[in-house]
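K.L.:
Provided below: coords04.txt, containing compact mmCIF, C-alpha atoms and all ligand atoms.
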# COMPACT_ATOMS: atom_id res chain seq x y z
CA ARG A 1 3.33 -15.16 -3.68
CA MET A 2 1.33 -13.36 -1.01
CA GLY A 3 4.23 -13.15 1.43
CA ARG A 4 3.22 -13.08 5.06
CA LEU A 5 -0.48 -12.73 4.50
CA ALA A 6 -2.40 -13.78 7.59
CA THR A 7 -6.04 -13.72 6.51
CA ILE A 8 -7.36 -13.78 3.00
CA LYS A 9 -9.54 -10.78 2.24
CA THR A 10 -11.58 -10.74 -0.93
CA LEU A 11 -13.60 -8.24 -2.92
CA ALA A 12 -16.64 -10.47 -2.39
CA GLY A 13 -16.10 -10.11 1.35
CA PHE A 14 -16.06 -6.31 1.23
CA ASP A 15 -19.25 -4.52 2.25
CA PHE A 16 -19.43 -1.47 -0.02
CA THR A 17 -22.65 -0.28 1.66
CA PHE A 18 -20.64 0.34 4.84
CA GLN A 19 -18.31 2.72 2.98
CA PRO A 20 -20.55 4.93 0.78
CA SER A 21 -17.72 7.38 -0.08
CA LEU A 22 -16.04 4.55 -1.97
CA ASP A 23 -16.81 4.17 -5.69
CA ARG A 24 -17.51 0.46 -6.14
CA ASP A 25 -17.05 0.63 -9.92
CA ARG A 26 -13.62 2.18 -9.48
CA ILE A 27 -12.53 -0.74 -7.27
CA PHE A 28 -13.89 -3.27 -9.76
CA THR A 29 -12.04 -1.48 -12.57
CA LEU A 30 -8.84 -1.81 -10.51
CA ALA A 31 -9.66 -5.52 -10.12
CA GLN A 32 -9.35 -5.83 -13.93
CA LEU A 33 -5.62 -5.26 -13.22
CA GLY A 34 -4.88 -2.80 -16.03
CA PHE A 35 -2.87 -0.84 -13.44
CA VAL A 36 -0.54 -3.82 -12.99
CA ASP A 37 0.22 -4.01 -16.71
CA ARG A 38 0.68 -0.23 -16.86
CA HIS A 39 3.08 -0.30 -13.86
CA GLU A 40 1.02 2.24 -11.95
CA ALA A 41 0.87 3.08 -8.24
CA VAL A 42 -2.47 2.73 -6.47
CA HIS A 43 -2.88 4.59 -3.17
CA PHE A 44 -5.53 3.83 -0.58
CA LEU A 45 -5.76 6.72 1.85
CA GLY A 46 -8.02 7.11 4.86
CA PRO A 47 -8.41 6.72 8.61
CA PRO A 48 -7.73 3.41 10.41
CA GLY A 49 -10.24 0.59 9.93
CA THR A 50 -11.77 1.91 6.71
CA GLY A 51 -10.74 -1.12 4.67
CA LYS A 52 -7.50 0.03 3.04
CA SER A 53 -5.56 -3.16 3.82
CA HIS A 54 -8.60 -5.27 2.97
CA LEU A 55 -8.90 -3.71 -0.50
CA ALA A 56 -5.14 -3.83 -1.12
CA THR A 57 -5.12 -7.52 -0.21
CA ALA A 58 -8.24 -8.25 -2.26
CA LEU A 59 -6.63 -6.70 -5.35
CA GLY A 60 -3.52 -8.78 -4.60
CA VAL A 61 -5.69 -11.89 -4.52
CA GLU A 62 -7.17 -10.95 -7.92
CA ALA A 63 -3.66 -10.49 -9.32
CA VAL A 64 -2.55 -13.90 -8.00
CA LYS A 65 -5.67 -15.47 -9.56
CA ALA A 66 -4.63 -13.87 -12.86
CA GLY A 67 -1.22 -15.55 -12.58
CA LYS A 68 0.73 -12.47 -11.55
CA SER A 69 3.42 -12.48 -8.88
CA VAL A 70 2.50 -10.45 -5.82
CA TYR A 71 4.44 -9.59 -2.69
CA PHE A 72 2.68 -8.18 0.37
CA THR A 73 4.51 -6.36 3.15
CA ASN A 74 4.19 -3.34 5.41
CA LEU A 75 6.48 -0.33 5.33
CA ALA A 76 8.22 -1.06 8.66
CA ASP A 77 9.08 -4.65 7.66
CA LEU A 78 10.15 -3.58 4.17
CA ILE A 79 12.50 -0.91 5.50
CA GLY A 80 13.77 -3.32 8.17
CA SER A 81 14.59 -5.84 5.47
CA LEU A 82 16.34 -3.27 3.28
CA ALA A 83 18.32 -1.94 6.27
CA ARG A 84 19.45 -5.45 7.24
CA SER A 85 20.57 -6.15 3.67
CA GLU A 86 22.43 -2.85 3.55
CA ARG A 87 24.34 -3.77 6.73
CA GLU A 88 25.28 -7.07 5.09
CA GLY A 89 26.42 -5.30 1.92
CA ARG A 90 23.58 -6.85 -0.10
CA LEU A 91 21.26 -3.88 -0.63
CA GLN A 92 21.26 -3.99 -4.43
CA GLU A 93 20.47 -7.71 -4.35
CA ARG A 94 17.54 -7.06 -1.98
CA ILE A 95 16.24 -4.23 -4.15
CA ARG A 96 16.34 -6.57 -7.16
CA PHE A 97 14.39 -9.14 -5.09
CA PHE A 98 11.65 -6.59 -4.36
CA CYS A 99 11.60 -5.56 -8.04
CA ARG A 100 10.72 -9.10 -9.17
CA PRO A 101 6.99 -9.30 -8.30
CA SER A 102 4.60 -7.71 -10.83
CA LEU A 103 2.77 -6.16 -7.90
CA LEU A 104 4.34 -5.00 -4.64
CA ILE A 105 1.87 -4.10 -1.87
CA VAL A 106 3.19 -1.84 0.88
CA ASP A 107 0.72 -1.57 3.74
CA GLU A 108 0.64 0.75 6.75
CA ILE A 109 2.54 3.83 5.66
CA GLY A 110 2.32 6.40 8.42
CA TYR A 111 1.53 4.32 11.50
CA LEU A 112 5.07 3.91 12.80
CA PRO A 113 7.82 6.52 12.53
CA VAL A 114 10.32 5.55 9.84
CA VAL A 115 13.80 4.83 11.20
CA GLN A 116 16.69 7.16 10.36
CA GLY A 117 17.75 6.52 6.75
CA GLY A 118 14.66 4.39 6.12
CA GLY A 119 13.06 6.89 3.76
CA ASN A 120 16.19 6.85 1.63
CA LEU A 121 16.15 3.03 1.42
CA PHE A 122 12.46 3.03 0.48
CA PHE A 123 13.17 5.69 -2.15
CA GLN A 124 15.86 3.52 -3.74
CA LEU A 125 13.35 0.69 -4.07
CA VAL A 126 10.54 2.93 -5.37
CA ASN A 127 12.93 4.46 -7.87
CA ALA A 128 14.05 1.01 -9.03
CA ARG A 129 10.42 -0.09 -9.54
CA TYR A 130 9.31 3.22 -11.07
CA GLU A 131 7.71 2.58 -14.49
CA ARG A 132 8.81 -1.08 -14.24
CA GLY A 133 6.32 -2.57 -11.80
CA ALA A 134 3.03 -1.78 -10.09
CA MET A 135 2.58 -0.96 -6.43
CA ILE A 136 -0.32 -0.61 -4.03
CA LEU A 137 0.29 1.60 -1.00
CA THR A 138 -1.96 2.20 1.99
CA SER A 139 -1.66 5.14 4.35
CA ASN A 140 -3.59 6.82 7.14
CA ARG A 141 -1.70 10.06 6.46
CA GLY A 142 -2.21 12.53 3.61
CA PHE A 143 0.61 13.15 1.13
CA ALA A 144 1.29 16.55 2.73
CA GLU A 145 2.28 14.68 5.89
CA TRP A 146 4.81 12.38 4.22
CA GLY A 147 7.65 14.71 5.17
CA ASP A 148 6.81 13.96 8.81
CA VAL A 149 6.17 10.26 8.15
CA PHE A 150 9.61 9.81 6.57
CA GLY A 151 11.31 12.36 8.82
CA ASP A 152 12.76 13.99 5.71
CA PRO A 153 10.84 16.39 3.42
CA VAL A 154 13.37 16.05 0.57
CA VAL A 155 13.03 12.25 0.46
CA ALA A 156 9.23 12.54 0.80
CA THR A 157 9.08 14.89 -2.19
CA ALA A 158 11.24 12.58 -4.30
CA LEU A 159 9.10 9.58 -3.28
CA LEU A 160 5.85 11.36 -4.13
CA ASP A 161 7.28 12.53 -7.45
CA ARG A 162 7.61 8.86 -8.51
CA LEU A 163 4.57 7.53 -6.68
CA LEU A 164 2.12 10.13 -8.02
CA HIS A 165 3.28 10.26 -11.64
CA HIS A 166 1.29 7.26 -12.93
CA ALA A 167 -1.09 6.89 -10.03
CA VAL A 168 -4.60 6.15 -8.89
CA VAL A 169 -5.57 7.71 -5.56
CA VAL A 170 -8.52 6.24 -3.69
CA GLN A 171 -9.48 8.36 -0.71
CA ILE A 172 -11.78 6.68 1.80
CA GLU A 173 -13.71 9.03 4.09
CA GLY A 174 -15.62 7.04 6.62
CA SER A 175 -15.71 5.37 9.95
CA SER A 176 -13.86 2.31 11.16
CA TYR A 177 -15.38 -1.07 10.32
CA ARG A 178 -13.65 -2.42 13.42
CA LEU A 179 -15.71 -0.06 15.59
CA ARG A 180 -19.01 -0.57 13.74
CA GLN A 181 -20.69 -2.30 16.69
CA HIS A 182 -19.72 0.64 18.86
CA ALA A 183 -21.47 3.43 17.00
CA GLU A 184 -21.85 5.36 20.23
CA LEU A 185 -18.03 5.66 20.38
CA MET A 186 -17.65 6.99 16.85
CA PRO A 187 -17.12 10.67 16.16
CA GLU A 188 -20.08 12.31 14.39
CA HIS A 189 -19.56 12.77 10.65
P1 LIG A 201 -7.34 -0.24 7.37
O1 LIG A 201 -6.28 -0.90 6.56
O2 LIG A 201 -8.02 0.88 6.65
O3 LIG A 201 -6.89 0.17 8.75
P2 LIG A 201 -8.56 -2.87 7.33
O4 LIG A 201 -8.65 -3.11 5.87
O5 LIG A 201 -7.46 -3.56 8.07
O6 LIG A 201 -8.50 -1.30 7.63
O7 LIG A 201 -9.98 -3.22 7.98
C1 LIG A 201 -10.12 -3.54 9.37
C2 LIG A 201 -10.97 -4.81 9.50
O8 LIG A 201 -12.29 -4.55 9.07
C3 LIG A 201 -10.47 -5.94 8.62
O9 LIG A 201 -10.75 -7.16 9.27
C4 LIG A 201 -11.31 -5.80 7.35
O10 LIG A 201 -11.47 -7.04 6.69
C5 LIG A 201 -12.62 -5.30 7.90
N1 LIG A 201 -13.30 -4.37 6.99
C6 LIG A 201 -13.04 -3.06 6.82
N2 LIG A 201 -13.91 -2.49 5.99
C7 LIG A 201 -14.76 -3.46 5.60
C8 LIG A 201 -15.91 -3.50 4.74
N3 LIG A 201 -16.35 -2.39 4.13
N4 LIG A 201 -16.52 -4.70 4.55
C9 LIG A 201 -16.08 -5.81 5.20
N5 LIG A 201 -15.02 -5.84 6.04
C10 LIG A 201 -14.36 -4.68 6.24
Just give me the structure as structure tokens.
Ligand code: ADP
P.N.:
Amino acid sequence: RMGRLATIKTLAGFDFTFQPSLDRDRIFTLAQLGFVDRHEAVHFLGPPGTGKSHLATALGVEAVKAGKSVYFTNLADLIGSLARSEREGRLQERIRFFCRPSLLIVDEIGYLPVVQGGGNLFFQLVNARYERGAMILTSNRGFAEWGDVFGDPVVATALLDRLLHHAVVVQIEGSSYRLRQHAELMPEH
């Protein structure tokens, strides 16, 4: 199920001409969903508004259409949920819950600071899914900054060890689609 998905974003609704750094064929290969069957991690990296969540969602929609189970969340909500379950003594149960979907999409890594202990909880989930289920992750921060994002360089290294082993990294270099009508406000690039 697509969890708490507000608006449906599709590949058909994505304007590839707006984002020339993005390899359209690569995205359509991902839409064939081989990465789901191979239990890989797909990373969308880039500045805000460049379509990372849109593409993550659109691939989730393709997976649902193919009959796969998909869960969509963002990092802050996911960690909040794991932390609540830990307080209730049900962490392992919650981790098993998040291991069930064939594809887990974790949006918005890097926007909000991760709460104390949150990186460790996320690591336990990533480790449990490692080589057992696919993930899509979106982040506005490069991997080198994950130590800061998670407030813990050791946890960040352990996370990246799992999340980059069988991985596809899609880096988007471009300007925000949200600000496209305000070209005069955009930095030159
Ligand atoms: P990000 O996750 O990178 O911050 P989003 O995917 O949330 O960006 O995109 C911001 C908004 O712009 C969304 O409404 C999204 O559907 C739209 N959008 C972004 N890029 C494109 C694009 N290339 N074609 C069509 N819509 C886009």
K.L.:
What are the nearest atom pairs, with distances in Å to one decimal, for all residues of chain A that come at most 12 Å from ligand LIG 201 (chain A), using only C-alpha atoms and all ligand atoms, set out by chain and rising residue number as a tab-separated table?
P.N.:
residue	atom	partner	partner_atom	distance
A:Ala6	CA	A:LIG201	O9	10.8
A:Thr7	CA	A:LIG201	O9	8.5
A:Ile8	CA	A:LIG201	O10	8.7
A:Lys9	CA	A:LIG201	O10	6.1
A:Thr10	CA	A:LIG201	O10	8.5
A:Leu11	CA	A:LIG201	N4	8.8
A:Ala12	CA	A:LIG201	C9	8.9
A:Gly13	CA	A:LIG201	C9	5.8
A:Phe14	CA	A:LIG201	N4	3.7
A:Asp15	CA	A:LIG201	N4	3.6
A:Phe16	CA	A:LIG201	N3	5.2
A:Thr17	CA	A:LIG201	N3	7.1
A:Phe18	CA	A:LIG201	N3	5.1
A:Gln19	CA	A:LIG201	N3	5.6
A:Pro20	CA	A:LIG201	N3	9.1
A:Ser21	CA	A:LIG201	N3	10.7
A:Leu22	CA	A:LIG201	N3	9.2
A:Asp23	CA	A:LIG201	N3	11.8
A:Arg24	CA	A:LIG201	N3	10.7
A:His43	CA	A:LIG201	O1	11.7
A:Phe44	CA	A:LIG201	O2	8.2
A:Leu45	CA	A:LIG201	O2	7.9
A:Gly46	CA	A:LIG201	O2	6.5
A:Pro47	CA	A:LIG201	O2	6.2
A:Pro48	CA	A:LIG201	O3	3.7
A:Gly49	CA	A:LIG201	O6	3.4
A:Thr50	CA	A:LIG201	O2	3.9
A:Gly51	CA	A:LIG201	O4	3.1
A:Lys52	CA	A:LIG201	O2	3.7
A:Ser53	CA	A:LIG201	O1	3.6
A:His54	CA	A:LIG201	O4	3.6
A:Leu55	CA	A:LIG201	O4	6.4
A:Ala56	CA	A:LIG201	O4	7.9
A:Thr57	CA	A:LIG201	O4	8.3
A:Ala58	CA	A:LIG201	O10	9.6
A:Leu59	CA	A:LIG201	O4	12.0
A:Asn74	CA	A:LIG201	O1	10.8
A:Val106	CA	A:LIG201	O1	11.1
A:Asp107	CA	A:LIG201	O1	7.6
A:Glu108	CA	A:LIG201	O1	7.1
A:Ile109	CA	A:LIG201	O1	10.0
A:Gly110	CA	A:LIG201	O3	11.1
A:Tyr111	CA	A:LIG201	O3	9.8
A:Leu137	CA	A:LIG201	O1	10.3
A:Thr138	CA	A:LIG201	O1	7.0
A:Ser139	CA	A:LIG201	O1	7.9
A:Asn140	CA	A:LIG201	O2	7.4
A:Arg141	CA	A:LIG201	O2	11.1
A:Val170	CA	A:LIG201	O2	11.7
A:Gln171	CA	A:LIG201	O2	10.6
A:Ile172	CA	A:LIG201	O2	8.4
A:Glu173	CA	A:LIG201	O2	10.3
A:Gly174	CA	A:LIG201	N2	9.7
A:Ser175	CA	A:LIG201	N2	9.0
A:Ser176	CA	A:LIG201	C6	7.0
A:Tyr177	CA	A:LIG201	C6	4.7
A:Arg178	CA	A:LIG201	O8	5.0
A:Leu179	CA	A:LIG201	O8	8.6
A:Arg180	CA	A:LIG201	O8	9.1
A:Gln181	CA	A:LIG201	O8	11.6
K.L.:
If you measure from CA of Cys99 in chain A to CA of Leu75 in chain A, what distance in Å do you get, rounded to one decimal?
P.N.:
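These two atoms are separated by 15.2 Å.
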K.L.:
Which of these, A:His165, A:Leu78, A:Ile136, A:Gly117, has the shortest distance to Asp152 in chain A once you count only C-alpha atoms?
P.N.:
A:Gly117
K.L.:
Kindly indicate which residue among A:Ile27, A:Ala83, A:Val64, A:Leu121 lies nearest to Leu103 in chain A, using only C-alpha atoms for the distances.
P.N.:
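The shortest atom-to-atom distance to Leu103 in chain A comes from A:Val64.
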K.L.:
Provide the CA of Phe28 in chain A to CA of Val126 in chain A distance in Å, to one decimal place.
P.N.:
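CA of Phe28 in chain A sits 25.6 Å away from CA of Val126 in chain A.
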K.L.:
Would you list the residues near (-9.8, -8.0, -9.6) (no more than 7 Å away, in the coordinates of the file, using all atoms listed in the file) as a list in words?
P.N.:
Phe28, Leu30, Ala31, Gln32, Leu33, Leu59, Glu62 and Ala63 of chain A
K.L.:
Taking 3 positions as the minimum chain separation for residues in the same chain, which residues sit within 9 Å of Leu164 in chain A when counting only C-alpha atoms? Answer as a count of residues only.
P.N.:
10
